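> Data: run13.pdb, PDB, C-alpha atoms and all ligand atoms.
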```
ATOM      1  CA  MET A   1       9.742 -51.839  40.403
ATOM      2  CA  ALA A   2      12.594 -51.087  38.011
ATOM      3  CA  LYS A   3      12.723 -47.375  37.160
ATOM      4  CA  LEU A   4      13.094 -47.867  33.413
ATOM      5  CA  ALA A   5      10.821 -50.839  32.777
ATOM      6  CA  GLY A   6       9.412 -50.639  29.245
ATOM      7  CA  LYS A   7      11.911 -47.954  28.171
ATOM      8  CA  VAL A   8      14.502 -48.102  25.410
ATOM      9  CA  ALA A   9      17.894 -46.393  25.687
ATOM     10  CA  ILE A  10      20.706 -45.763  23.209
ATOM     11  CA  VAL A  11      24.154 -45.339  24.762
ATOM     12  CA  THR A  12      26.779 -43.983  22.383
ATOM     13  CA  GLY A  13      30.240 -45.165  23.354
ATOM     14  CA  GLY A  14      28.354 -47.732  25.420
ATOM     15  CA  ALA A  15      30.740 -50.653  24.913
ATOM     16  CA  LYS A  16      33.803 -49.522  26.851
ATOM     17  CA  GLY A  17      35.029 -47.267  29.644
ATOM     18  CA  ILE A  18      32.335 -45.461  31.633
ATOM     19  CA  GLY A  19      29.764 -46.111  28.887
ATOM     20  CA  ARG A  20      29.952 -49.842  29.585
ATOM     21  CA  HIS A  21      28.733 -49.133  33.132
ATOM     22  CA  TYR A  22      25.941 -46.884  31.813
ATOM     23  CA  SER A  23      24.732 -49.688  29.515
ATOM     24  CA  GLN A  24      24.763 -52.184  32.393
ATOM     25  CA  ALA A  25      22.996 -49.811  34.807
ATOM     26  CA  LEU A  26      20.235 -48.921  32.341
ATOM     27  CA  ALA A  27      19.606 -52.616  31.650
ATOM     28  CA  ALA A  28      19.574 -53.358  35.392
ATOM     29  CA  GLU A  29      16.796 -50.743  35.755
ATOM     30  CA  GLY A  30      14.727 -52.586  33.151
ATOM     31  CA  ALA A  31      15.570 -50.628  29.987
ATOM     32  CA  ARG A  32      16.286 -52.320  26.691
ATOM     33  CA  VAL A  33      19.656 -50.972  25.617
ATOM     34  CA  MET A  34      21.243 -50.332  22.230
ATOM     35  CA  ILE A  35      25.008 -50.241  22.696
ATOM     36  CA  ALA A  36      26.312 -48.028  19.880
ATOM     37  CA  ASP A  37      30.076 -47.693  19.749
ATOM     38  CA  ILE A  38      32.976 -47.541  17.338
ATOM     39  CA  ALA A  39      34.323 -50.416  19.438
ATOM     40  CA  ASP A  40      32.795 -53.893  19.416
ATOM     41  CA  GLY A  41      29.858 -54.105  21.839
ATOM     42  CA  LYS A  42      29.281 -57.829  21.357
ATOM     43  CA  PRO A  43      31.000 -59.130  24.535
ATOM     44  CA  LEU A  44      29.108 -56.625  26.705
ATOM     45  CA  ALA A  45      25.815 -57.321  24.913
ATOM     46  CA  GLU A  46      26.281 -61.042  25.572
ATOM     47  CA  GLN A  47      26.957 -60.356  29.229
ATOM     48  CA  ILE A  48      23.838 -58.161  29.574
ATOM     49  CA  ALA A  49      21.692 -60.654  27.629
ATOM     50  CA  GLY A  50      22.902 -63.418  29.965
ATOM     51  CA  LYS A  51      21.730 -61.415  32.963
ATOM     52  CA  HIS A  52      18.590 -59.669  31.710
ATOM     53  CA  GLY A  53      17.422 -61.743  28.733
ATOM     54  CA  ALA A  54      18.030 -61.767  24.980
ATOM     55  CA  ASN A  55      15.584 -58.927  24.303
ATOM     56  CA  SER A  56      17.237 -56.565  26.800
ATOM     57  CA  VAL A  57      20.111 -55.511  24.566
ATOM     58  CA  ALA A  58      21.492 -55.061  21.065
ATOM     59  CA  HIS A  59      24.748 -53.667  19.778
ATOM     60  CA  VAL A  60      25.926 -51.860  16.698
ATOM     61  CA  GLN A  61      29.290 -50.562  15.564
ATOM     62  CA  PHE A  62      29.364 -47.031  14.129
ATOM     63  CA  ASP A  63      31.179 -43.719  13.993
ATOM     64  CA  VAL A  64      29.061 -41.096  15.769
ATOM     65  CA  SER A  65      30.523 -38.324  13.599
ATOM     66  CA  ASN A  66      29.193 -39.941  10.392
ATOM     67  CA  GLU A  67      25.607 -38.877   9.620
ATOM     68  CA  ASP A  68      24.709 -41.882   7.448
ATOM     69  CA  GLN A  69      25.895 -44.244  10.172
ATOM     70  CA  VAL A  70      23.966 -42.306  12.839
ATOM     71  CA  LYS A  71      20.792 -42.556  10.731
ATOM     72  CA  ALA A  72      21.323 -46.302  10.359
ATOM     73  CA  VAL A  73      21.781 -46.779  14.125
ATOM     74  CA  VAL A  74      18.584 -44.875  14.890
ATOM     75  CA  ALA A  75      16.638 -46.860  12.278
ATOM     76  CA  GLU A  76      18.035 -50.139  13.586
ATOM     77  CA  THR A  77      17.108 -49.249  17.185
ATOM     78  CA  ILE A  78      13.518 -48.433  16.223
ATOM     79  CA  GLU A  79      13.272 -51.573  14.100
ATOM     80  CA  ARG A  80      14.555 -53.736  16.945
ATOM     81  CA  PHE A  81      12.908 -52.080  19.972
ATOM     82  CA  GLU A  82      10.124 -49.956  18.360
ATOM     83  CA  GLN A  83      10.844 -46.776  20.328
ATOM     84  CA  ILE A  84      13.602 -44.632  21.867
ATOM     85  CA  ASP A  85      13.020 -43.077  25.304
ATOM     86  CA  VAL A  86      16.533 -42.263  26.470
ATOM     87  CA  LEU A  87      19.559 -41.061  24.531
ATOM     88  CA  VAL A  88      22.896 -41.000  26.346
ATOM     89  CA  ASN A  89      25.413 -38.994  24.319
ATOM     90  CA  ASN A  90      28.521 -40.477  25.912
ATOM     91  CA  ALA A  91      30.854 -41.266  22.977
ATOM     92  CA  ALA A  92      33.854 -38.991  22.899
ATOM     93  CA  VAL A  93      37.512 -38.818  22.091
ATOM     94  CA  TYR A  94      38.977 -38.654  25.585
ATOM     95  CA  ALA A  95      40.991 -41.514  27.017
ATOM     96  CA  THR A  96      43.164 -41.853  23.914
ATOM     97  CA  LEU A  97      44.284 -38.203  24.012
ATOM     98  CA  THR A  98      47.700 -37.437  25.480
ATOM     99  CA  PRO A  99      47.687 -34.140  27.408
ATOM    100  CA  ARG A 100      49.972 -31.441  26.003
ATOM    101  CA  LYS A 101      50.471 -27.665  25.814
ATOM    102  CA  PHE A 102      47.890 -25.763  23.741
ATOM    103  CA  ILE A 103      50.452 -24.970  21.038
ATOM    104  CA  ASP A 104      51.365 -28.600  20.511
ATOM    105  CA  TRP A 105      47.895 -29.781  19.438
ATOM    106  CA  ASP A 106      47.584 -30.226  15.681
ATOM    107  CA  ALA A 107      44.572 -28.981  13.754
ATOM    108  CA  GLU A 108      43.602 -32.480  12.593
ATOM    109  CA  THR A 109      43.277 -33.714  16.194
ATOM    110  CA  TRP A 110      41.302 -30.576  17.072
ATOM    111  CA  ASP A 111      38.887 -31.279  14.211
ATOM    112  CA  ARG A 112      38.505 -34.956  15.118
ATOM    113  CA  VAL A 113      37.783 -34.169  18.788
ATOM    114  CA  MET A 114      35.144 -31.630  17.731
ATOM    115  CA  ALA A 115      33.656 -34.031  15.173
ATOM    116  CA  VAL A 116      33.147 -36.824  17.689
ATOM    117  CA  ASN A 117      32.460 -34.767  20.845
ATOM    118  CA  THR A 118      30.208 -32.032  19.407
ATOM    119  CA  ARG A 119      29.001 -33.008  15.923
ATOM    120  CA  GLY A 120      28.341 -36.516  17.276
ATOM    121  CA  PRO A 121      25.792 -35.455  19.932
ATOM    122  CA  PHE A 122      24.243 -33.038  17.414
ATOM    123  CA  LEU A 123      23.774 -35.789  14.809
ATOM    124  CA  MET A 124      22.324 -38.162  17.389
ATOM    125  CA  VAL A 125      19.824 -35.549  18.532
ATOM    126  CA  LYS A 126      18.992 -34.550  14.961
ATOM    127  CA  HIS A 127      17.923 -38.111  14.169
ATOM    128  CA  VAL A 128      16.568 -39.311  17.540
ATOM    129  CA  ALA A 129      14.620 -36.208  18.602
ATOM    130  CA  PRO A 130      12.025 -36.269  15.753
ATOM    131  CA  HIS A 131      10.988 -39.702  16.976
ATOM    132  CA  MET A 132      10.773 -38.458  20.593
ATOM    133  CA  MET A 133       8.876 -35.337  19.448
ATOM    134  CA  GLN A 134       6.272 -37.511  17.789
ATOM    135  CA  ARG A 135       5.756 -39.410  21.039
ATOM    136  CA  ARG A 136       6.057 -36.198  23.121
ATOM    137  CA  THR A 137       8.403 -37.807  25.607
ATOM    138  CA  GLY A 138      12.105 -38.431  25.991
ATOM    139  CA  LYS A 139      15.255 -37.924  28.023
ATOM    140  CA  ILE A 140      18.468 -36.725  26.425
ATOM    141  CA  ILE A 141      21.564 -36.938  28.601
ATOM    142  CA  ASN A 142      24.706 -35.309  27.255
ATOM    143  CA  ILE A 143      27.917 -36.338  28.953
ATOM    144  CA  ALA A 144      29.978 -33.186  29.504
ATOM    145  CA  SER A 145      32.801 -32.894  32.033
ATOM    146  CA  GLY A 146      33.878 -31.081  35.165
ATOM    147  CA  ALA A 147      36.955 -30.178  33.091
ATOM    148  CA  ALA A 148      34.884 -27.561  31.215
ATOM    149  CA  TYR A 149      34.021 -25.771  34.493
ATOM    150  CA  LYS A 150      37.548 -25.916  35.821
ATOM    151  CA  GLY A 151      39.371 -25.084  32.614
ATOM    152  CA  VAL A 152      41.652 -28.088  33.036
ATOM    153  CA  PRO A 153      44.952 -27.320  31.260
ATOM    154  CA  ARG A 154      46.773 -29.446  28.632
ATOM    155  CA  MET A 155      43.540 -30.862  27.154
ATOM    156  CA  LEU A 156      42.391 -27.803  25.194
ATOM    157  CA  PRO A 157      40.413 -29.406  22.328
ATOM    158  CA  TYR A 158      38.700 -31.796  24.728
ATOM    159  CA  VAL A 159      37.843 -29.159  27.351
ATOM    160  CA  THR A 160      36.577 -26.817  24.621
ATOM    161  CA  SER A 161      34.368 -29.571  23.201
ATOM    162  CA  LYS A 162      32.842 -30.265  26.617
ATOM    163  CA  GLY A 163      32.127 -26.550  27.107
ATOM    164  CA  ALA A 164      30.201 -26.780  23.845
ATOM    165  CA  VAL A 165      28.227 -29.750  25.185
ATOM    166  CA  LEU A 166      27.110 -27.637  28.169
ATOM    167  CA  ALA A 167      25.903 -24.816  25.897
ATOM    168  CA  PHE A 168      24.305 -27.301  23.465
ATOM    169  CA  THR A 169      22.326 -28.761  26.389
ATOM    170  CA  ARG A 170      21.007 -25.388  27.523
ATOM    171  CA  ALA A 171      19.941 -24.214  24.080
ATOM    172  CA  LEU A 172      18.446 -27.540  23.049
ATOM    173  CA  SER A 173      16.377 -27.828  26.230
ATOM    174  CA  ARG A 174      14.599 -24.591  25.217
ATOM    175  CA  GLU A 175      13.669 -26.042  21.823
ATOM    176  CA  LEU A 176      12.547 -29.441  23.050
ATOM    177  CA  GLY A 177      10.641 -28.388  26.178
ATOM    178  CA  GLU A 178       7.381 -27.922  24.320
ATOM    179  CA  TYR A 179       7.553 -31.580  23.290
ATOM    180  CA  GLY A 180       8.017 -32.802  26.845
ATOM    181  CA  ILE A 181      11.605 -33.842  26.157
ATOM    182  CA  ALA A 182      14.180 -33.238  28.888
ATOM    183  CA  VAL A 183      17.735 -32.339  27.911
ATOM    184  CA  ASN A 184      20.352 -32.373  30.649
ATOM    185  CA  SER A 185      24.048 -32.927  30.946
ATOM    186  CA  LEU A 186      25.955 -35.045  33.370
ATOM    187  CA  SER A 187      29.435 -33.718  34.139
ATOM    188  CA  PRO A 188      31.704 -36.278  35.761
ATOM    189  CA  GLY A 189      34.882 -35.343  37.547
ATOM    190  CA  TYR A 190      38.030 -37.342  36.847
ATOM    191  CA  ILE A 191      36.943 -40.977  36.854
ATOM    192  CA  LEU A 192      39.164 -44.016  37.044
ATOM    193  CA  SER A 193      37.542 -45.902  34.175
ATOM    194  CA  ASP A 194      39.406 -48.842  32.659
ATOM    195  CA  THR A 195      40.094 -46.875  29.461
ATOM    196  CA  GLY A 196      41.247 -43.828  31.471
ATOM    197  CA  LEU A 197      43.567 -45.940  33.608
ATOM    198  CA  ALA A 198      45.099 -47.380  30.447
ATOM    199  CA  ASN A 199      46.426 -43.890  29.612
ATOM    200  CA  THR A 200      49.116 -43.304  32.208
ATOM    201  CA  ALA A 201      49.546 -39.647  31.155
ATOM    202  CA  HIS A 202      46.035 -38.863  32.464
ATOM    203  CA  VAL A 203      46.664 -40.768  35.662
ATOM    204  CA  GLU A 204      49.952 -38.942  36.298
ATOM    205  CA  ASP A 205      48.467 -35.493  35.535
ATOM    206  CA  GLU A 206      45.187 -35.842  37.343
ATOM    207  CA  ARG A 207      44.774 -38.539  39.942
ATOM    208  CA  ILE A 208      46.403 -36.967  43.030
ATOM    209  CA  PRO A 209      45.677 -33.249  42.337
ATOM    210  CA  VAL A 210      42.028 -33.984  41.558
ATOM    211  CA  ARG A 211      41.599 -36.117  44.642
ATOM    212  CA  ASN A 212      43.038 -33.296  46.776
ATOM    213  CA  SER A 213      40.704 -30.746  45.132
ATOM    214  CA  ARG A 214      37.565 -32.618  46.195
ATOM    215  CA  ALA A 215      35.405 -32.145  49.270
ATOM    216  CA  PHE A 216      35.298 -35.958  49.357
ATOM    217  CA  LYS A 217      39.016 -36.774  49.164
ATOM    218  CA  ARG A 218      38.941 -40.065  47.320
ATOM    219  CA  ASP A 219      39.239 -41.488  43.803
ATOM    220  CA  ALA A 220      36.063 -41.735  41.716
ATOM    221  CA  TYR A 221      34.894 -44.735  39.707
ATOM    222  CA  PRO A 222      32.213 -45.242  37.019
ATOM    223  CA  GLU A 223      29.871 -46.607  39.719
ATOM    224  CA  ASP A 224      29.843 -43.139  41.321
ATOM    225  CA  LEU A 225      27.955 -41.775  38.287
ATOM    226  CA  LEU A 226      25.186 -44.325  38.004
ATOM    227  CA  GLY A 227      22.721 -42.829  40.500
ATOM    228  CA  ALA A 228      22.845 -39.492  38.645
ATOM    229  CA  LEU A 229      22.473 -41.216  35.262
ATOM    230  CA  ILE A 230      19.391 -43.164  36.337
ATOM    231  CA  PHE A 231      17.916 -40.036  37.949
ATOM    232  CA  LEU A 232      18.251 -38.116  34.665
ATOM    233  CA  ALA A 233      16.941 -41.057  32.606
ATOM    234  CA  SER A 234      13.911 -41.788  34.779
ATOM    235  CA  SER A 235      10.693 -40.042  35.748
ATOM    236  CA  ASP A 236      12.387 -38.996  39.020
ATOM    237  CA  SER A 237      13.748 -35.998  37.072
ATOM    238  CA  ASP A 238      10.596 -35.123  35.108
ATOM    239  CA  PHE A 239      10.698 -31.386  35.910
ATOM    240  CA  VAL A 240      14.466 -31.061  35.411
ATOM    241  CA  THR A 241      15.762 -29.787  32.069
ATOM    242  CA  GLY A 242      18.580 -27.616  30.731
ATOM    243  CA  GLN A 243      20.741 -28.469  33.744
ATOM    244  CA  SER A 244      24.207 -29.862  34.251
ATOM    245  CA  LEU A 245      24.643 -32.215  37.143
ATOM    246  CA  VAL A 246      28.276 -32.223  38.248
ATOM    247  CA  VAL A 247      29.249 -35.492  39.919
ATOM    248  CA  ASP A 248      32.792 -35.027  41.145
ATOM    249  CA  GLY A 249      32.910 -35.354  44.913
ATOM    250  CA  GLY A 250      32.746 -31.583  45.325
ATOM    251  CA  SER A 251      35.663 -30.392  43.210
ATOM    252  CA  VAL A 252      33.793 -27.877  41.052
ATOM    253  CA  ASN A 253      31.612 -25.323  42.829
ATOM    254  CA  ASN A 254      28.856 -25.070  40.228
TER     255      ASN A 254
HETATM  256  N1  LIG B   1      37.040 -40.677  32.515
HETATM  257  C1  LIG B   1      36.889 -39.453  32.973
HETATM  258  O1  LIG B   1      37.593 -39.024  33.893
HETATM  259  C2  LIG B   1      35.833 -38.530  32.419
HETATM  260  C3  LIG B   1      35.579 -37.337  33.102
HETATM  261  C4  LIG B   1      34.590 -36.480  32.606
HETATM  262  C5  LIG B   1      33.891 -36.824  31.469
HETATM  263  N2  LIG B   1      34.174 -37.999  30.834
HETATM  264  C6  LIG B   1      33.361 -38.307  29.650
HETATM  265  O2  LIG B   1      32.715 -39.546  29.859
HETATM  266  C7  LIG B   1      32.566 -40.215  28.602
HETATM  267  C8  LIG B   1      33.218 -41.600  28.680
HETATM  268  O3  LIG B   1      34.570 -41.447  29.044
HETATM  269  P1  LIG B   1      35.584 -42.668  29.238
HETATM  270  O4  LIG B   1      36.433 -42.355  30.398
HETATM  271  O5  LIG B   1      34.848 -43.950  29.219
HETATM  272  O6  LIG B   1      36.526 -42.464  27.973
HETATM  273  P2  LIG B   1      36.678 -43.231  26.606
HETATM  274  O7  LIG B   1      37.518 -42.352  25.755
HETATM  275  O8  LIG B   1      37.169 -44.597  26.855
HETATM  276  O9  LIG B   1      35.179 -43.377  26.132
HETATM  277  C9  LIG B   1      34.721 -43.055  24.921
HETATM  278  C10 LIG B   1      33.802 -44.124  24.351
HETATM  279  O10 LIG B   1      33.361 -43.599  23.106
HETATM  280  C11 LIG B   1      33.680 -44.512  22.073
HETATM  281  N3  LIG B   1      33.984 -43.751  20.859
HETATM  282  C12 LIG B   1      35.099 -43.020  20.600
HETATM  283  N4  LIG B   1      35.018 -42.476  19.377
HETATM  284  C13 LIG B   1      33.821 -42.855  18.849
HETATM  285  C14 LIG B   1      33.170 -42.600  17.619
HETATM  286  N5  LIG B   1      33.730 -41.855  16.661
HETATM  287  N6  LIG B   1      31.942 -43.149  17.415
HETATM  288  C15 LIG B   1      31.355 -43.926  18.364
HETATM  289  N7  LIG B   1      31.939 -44.197  19.554
HETATM  290  C16 LIG B   1      33.156 -43.663  19.797
HETATM  291  C17 LIG B   1      34.875 -45.315  22.587
HETATM  292  O11 LIG B   1      35.011 -46.548  21.903
HETATM  293  C18 LIG B   1      34.517 -45.466  24.055
HETATM  294  O12 LIG B   1      33.638 -46.541  24.253
HETATM  295  C19 LIG B   1      33.186 -39.297  27.567
HETATM  296  O13 LIG B   1      32.192 -38.453  27.027
HETATM  297  C20 LIG B   1      34.172 -38.497  28.374
HETATM  298  O14 LIG B   1      34.460 -37.271  27.762
HETATM  299  C21 LIG B   1      35.122 -38.851  31.274
END
```
As structure tokens, what does this structure read like?


Amino acid sequence: MAKLAGKVAIVTGGAKGIGRHYSQALAAEGARVMIADIADGKPLAEQIAGKHGANSVAHVQFDVSNEDQVKAVVAETIERFEQIDVLVNNAAVYATLTPRKFIDWDAETWDRVMAVNTRGPFLMVKHVAPHMMQRRTGKIINIASGAAYKGVPRMLPYVTSKGAVLAFTRALSRELGEYGIAVNSLSPGYILSDTGLANTAHVEDERIPVRNSRAFKRDAYPEDLLGALIFLASSDSDFVTGQSLVVDGGSVNN
């Protein structure tokens, strides 16, 4: 039986890059999926609907850093699917950033990265968790990054934001435990997603050195993350909370 039959998941940033694979994998496990992205999720939603049925998916365009838009997405998800069981906080400013020395980042970019990568997950939780608390069940999965453990250079605002996601996960798990809600983070290593590959600066900086740093000396793809995602979203992980699962082929020693 599918592991997420009868469940409803929201995937922020679920239309493109790695998030696209998360949306597909959750639907394949029987979840109904709300694809919430600043990018257009319609083509992916059509693809998922074609495979899993019209009621398996919906999509909405929004900016995760905007509280009114977050509220609207949560309301629309409940109206359409009646409940929310899984929240995947995946949206982030990442692939579009060009690595540079710490001194060359401007304050506006710093603020935007923080707004999307840290205020975004906070706003999602602020508006999704009350609904989960009422039902005394839920799985919150915050996408962090191996970069926060390693202190990857030349991506300072991004790496700092992902360090915040790790701390956010730990603290939040303490507050939501009494409601039976699990809060974990999934920390991917460097992944060759389509959006990541489109930014040649990331590929040049990271691909070979990261591969050499791994116990498993190969490139990683979005598919490598899906087992961990489904584990954290499903009842297989019911006694796991406040943790960060690093999926990077053994680059970080956690
Ligand atoms: N690719 C990697 O190597 C890697 C490694 C570790 C962690 N991650 C994390 O995995 C997640 C996905 O990464 P990706 O490689 O697909 O990169 P990406 O930059 O392509 O993905 C970000 C997604 O978020 C969406 N998004 C951006 N700003 C938004 C906003 N304001 N509101 C709503 N949606 C917004 C984008 O449209 C996109 O779908 C991110 O959280 C990233 O930090 C990626």

> Under the PyMOL selection byres (((chain A and resi 155-172) around 7) and not hetatm), which residues of this model are included? Write them out as a list in words.

Tyr94, Pro99, Arg100, Phe102, Trp110, Val113, Met114, Asn117, Thr118, Asn142, Ala144, Ser145, Ala147, Ala148, Gly151, Val152, Pro153, Arg154, Ser173, Arg174, Glu175, Leu176, Val183, Asn184, Ser185, Gly242 and Gln243 of chain A

> Would you please work out which residue, of A:Val246, A:Met133, A:Ala72, A:Ala54, is nearest to ligand LIG 1 (chain B) when using only C-alpha atoms and all ligand atoms?

A:Val246

> Quick one: 4 Å padding each side, axis-aligned, all listed atoms of ligand LIG 1 (chain B) - centre and edge lengths in Å to one decimal, as JSON?


```
{"center_x": 34.5, "center_y": -41.5, "center_z": 25.3, "size_x": 14.2, "size_y": 18.1, "size_z": 25.2}
```

> Counting only C-alpha atoms and all ligand atoms, which residues in chain A sit no more than 7 Å from ligand LIG 1 (chain B)? For each one, give the nearest pair of atoms and the distance in Å, sorted by chain then residue number, as a tab-separated table.


```
residue	atom	partner	partner_atom	distance
A:Thr12	CA	B:LIG1	N7	5.9
A:Gly13	CA	B:LIG1	O10	3.5
A:Gly14	CA	B:LIG1	O12	5.5
A:Ala15	CA	B:LIG1	O12	5.1
A:Lys16	CA	B:LIG1	O12	4.0
A:Gly17	CA	B:LIG1	O5	3.3
A:Ile18	CA	B:LIG1	O5	3.8
A:Gly19	CA	B:LIG1	O5	5.5
A:Ala36	CA	B:LIG1	C15	6.7
A:Asp37	CA	B:LIG1	N7	4.0
A:Ile38	CA	B:LIG1	C15	4.1
A:Ala39	CA	B:LIG1	O11	4.6
A:Phe62	CA	B:LIG1	C15	5.6
A:Asp63	CA	B:LIG1	N6	3.6
A:Val64	CA	B:LIG1	N6	3.9
A:Ser65	CA	B:LIG1	N5	5.7
A:Asn90	CA	B:LIG1	O13	4.3
A:Ala91	CA	B:LIG1	O10	3.4
A:Ala92	CA	B:LIG1	O13	4.5
A:Val93	CA	B:LIG1	C12	5.1
A:Tyr94	CA	B:LIG1	O7	4.0
A:Ala95	CA	B:LIG1	O7	3.8
A:Thr96	CA	B:LIG1	O7	6.0
A:Val116	CA	B:LIG1	N5	5.2
A:Ile143	CA	B:LIG1	O13	5.1
A:Ala144	CA	B:LIG1	C5	5.7
A:Ser145	CA	B:LIG1	C4	4.0
A:Gly146	CA	B:LIG1	C4	6.0
A:Ala147	CA	B:LIG1	C4	6.7
A:Ser187	CA	B:LIG1	C4	6.0
A:Pro188	CA	B:LIG1	C4	4.3
A:Gly189	CA	B:LIG1	C3	4.9
A:Tyr190	CA	B:LIG1	O1	3.4
A:Ile191	CA	B:LIG1	O1	3.6
A:Leu192	CA	B:LIG1	N1	6.0
A:Ser193	CA	B:LIG1	O4	5.3
A:Thr195	CA	B:LIG1	O8	4.5
A:Gly196	CA	B:LIG1	O4	5.1
```

> Which polymer residues have any atom within 10 Å of an atom of Tyr179 (chain A), counting only C-alpha atoms, with same-chain residues fewer than 6 positions away left out, as a count of residues only?

9

> Measuring between all atoms listed in the file, which one of A:Leu229, A:Ile208, A:Ala220, A:Ala75 shows the shortest distance to Leu26 (chain A)?

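Of A:Leu229, A:Ile208, A:Ala220, A:Ala75, the one nearest Leu26 (chain A) is A:Leu229, counting all atoms listed in the file.
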
> Skip Val125 (chain A) itself and residues of its chain fewer than 4 positions away, then list as a CSV table (one decimal) with C-alpha atoms, keeping the file's coordinate frame all residues within 9 Å of it, counting all atoms listed in the file.


```
chain,number,residue,atom,x,y,z
A,87,LEU,CA,19.6,-41.1,24.5
A,89,ASN,CA,25.4,-39.0,24.3
A,120,GLY,CA,28.3,-36.5,17.3
A,121,PRO,CA,25.8,-35.5,19.9
A,129,ALA,CA,14.6,-36.2,18.6
A,130,PRO,CA,12.0,-36.3,15.8
A,140,ILE,CA,18.5,-36.7,26.4
```

> Go through A:Val86, A:Val33, A:Val252, A:Ala58 and flag the residue nearest Tyr149 (chain A), using only C-alpha atoms for the distances.

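Between A:Val86, A:Val33, A:Val252, A:Ala58, the residue approaching Tyr149 (chain A) most closely is A:Val252.
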
> Which of these, A:Ala215, A:Ala9, A:Met1, A:Leu186, has the shortest distance to Ala27 (chain A) once you count all atoms listed in the file?

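Among A:Ala215, A:Ala9, A:Met1, A:Leu186, it is A:Ala9 that comes nearest to Ala27 (chain A).
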
> Which residues, written as a PyMOL selection string, have at least one atom at most 12 Å from Ser56 (chain A), with only C-alpha atoms counted and residues fewer than 3 positions away on the same chain left out?

chain A and resi 4-10+23-35+44-53+59+80-81

> Convert the output of the PyMOL selection byres (((chain A and resi 249) around 7) and not hetatm) on the shown file into explicit residues, formatted as a list in words.

Arg214, Ala215, Phe216, Val247, Asp248, Gly250 and Ser251 of chain A

> Kindly give the distance, in Å, that separates CA of Ile103 (chain A) and CA of Pro209 (chain A), rounded to a single decimal.

23.3 Å

> Can you tell me how far CA of His21 (chain A) sits from CA of Phe239 (chain A), in Å to one decimal?

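Separating CA of His21 (chain A) from CA of Phe239 (chain A) is a distance of 25.5 Å.
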
> Please indicate the distance in Å from CA of Phe122 (chain A) to CA of Ile78 (chain A), rounded to one decimal place.

18.8 Å

> A:Asn66, A:Thr241, A:Asn55, A:Thr77: which is nearest Gly177 (chain A), counting all atoms listed in the file?

A:Thr241

> Please report as a tab-separated table every residue of region 109-217 of chain A lying within 8 Å of region 67-70 of chain A, along with the nearest atom pair and their distance in Å (one decimal), using only C-alpha atoms.


```
residue	atom	partner	partner_atom	distance
A:Leu123	CA	A:Glu67	CA	6.3
A:Met124	CA	A:Val70	CA	6.4
A:His127	CA	A:Val70	CA	7.5
```

> Using all atoms listed in the file, pick whichever of A:Leu197, A:Ala2, A:Val73, A:Leu245 has the shortest atom-to-atom distance to Pro222 (chain A).

A:Leu197

> Can you patch up region 97-108 of chain A, filling it in to N, CA and C atoms, and show the result as a PDB file, in the frame of the given file?


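Heads up, here's the output in result_39.pdb:
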```pdb
ATOM      1  N   LEU A  97      43.522 -39.445  24.205  1.00  0.00           N
ATOM      2  CA  LEU A  97      44.284 -38.203  24.012  1.00  0.00           C
ATOM      3  C   LEU A  97      45.428 -38.119  25.029  1.00  0.00           C
ATOM      4  N   THR A  98      46.582 -37.661  24.563  1.00  0.00           N
ATOM      5  CA  THR A  98      47.700 -37.437  25.480  1.00  0.00           C
ATOM      6  C   THR A  98      47.774 -35.943  25.786  1.00  0.00           C
ATOM      7  N   PRO A  99      47.665 -35.566  27.058  1.00  0.00           N
ATOM      8  CA  PRO A  99      47.687 -34.140  27.408  1.00  0.00           C
ATOM      9  C   PRO A  99      48.959 -33.460  26.914  1.00  0.00           C
ATOM     10  N   ARG A 100      48.812 -32.220  26.469  1.00  0.00           N
ATOM     11  CA  ARG A 100      49.972 -31.441  26.003  1.00  0.00           C
ATOM     12  C   ARG A 100      49.632 -29.960  26.028  1.00  0.00           C
ATOM     13  N   LYS A 101      50.671 -29.119  25.858  1.00  0.00           N
ATOM     14  CA  LYS A 101      50.471 -27.665  25.814  1.00  0.00           C
ATOM     15  C   LYS A 101      49.568 -27.287  24.648  1.00  0.00           C
ATOM     16  N   PHE A 102      48.846 -26.165  24.781  1.00  0.00           N
ATOM     17  CA  PHE A 102      47.890 -25.763  23.741  1.00  0.00           C
ATOM     18  C   PHE A 102      48.540 -25.689  22.365  1.00  0.00           C
ATOM     19  N   ILE A 103      49.781 -25.240  22.314  1.00  0.00           N
ATOM     20  CA  ILE A 103      50.452 -24.970  21.038  1.00  0.00           C
ATOM     21  C   ILE A 103      50.869 -26.262  20.327  1.00  0.00           C
ATOM     22  N   ASP A 104      50.906 -27.329  21.074  1.00  0.00           N
ATOM     23  CA  ASP A 104      51.365 -28.600  20.511  1.00  0.00           C
ATOM     24  C   ASP A 104      50.232 -29.476  19.951  1.00  0.00           C
ATOM     25  N   TRP A 105      48.990 -29.023  20.071  1.00  0.00           N
ATOM     26  CA  TRP A 105      47.895 -29.781  19.438  1.00  0.00           C
ATOM     27  C   TRP A 105      47.883 -29.495  17.945  1.00  0.00           C
ATOM     28  N   ASP A 106      47.688 -30.510  17.114  1.00  0.00           N
ATOM     29  CA  ASP A 106      47.584 -30.226  15.681  1.00  0.00           C
ATOM     30  C   ASP A 106      46.114 -30.050  15.289  1.00  0.00           C
ATOM     31  N   ALA A 107      45.926 -29.351  14.186  1.00  0.00           N
ATOM     32  CA  ALA A 107      44.572 -28.981  13.754  1.00  0.00           C
ATOM     33  C   ALA A 107      43.721 -30.205  13.436  1.00  0.00           C
ATOM     34  N   GLU A 108      44.362 -31.264  12.940  1.00  0.00           N
ATOM     35  CA  GLU A 108      43.602 -32.480  12.593  1.00  0.00           C
ATOM     36  C   GLU A 108      43.010 -33.110  13.859  1.00  0.00           C
TER      37      GLU A 108
END
```
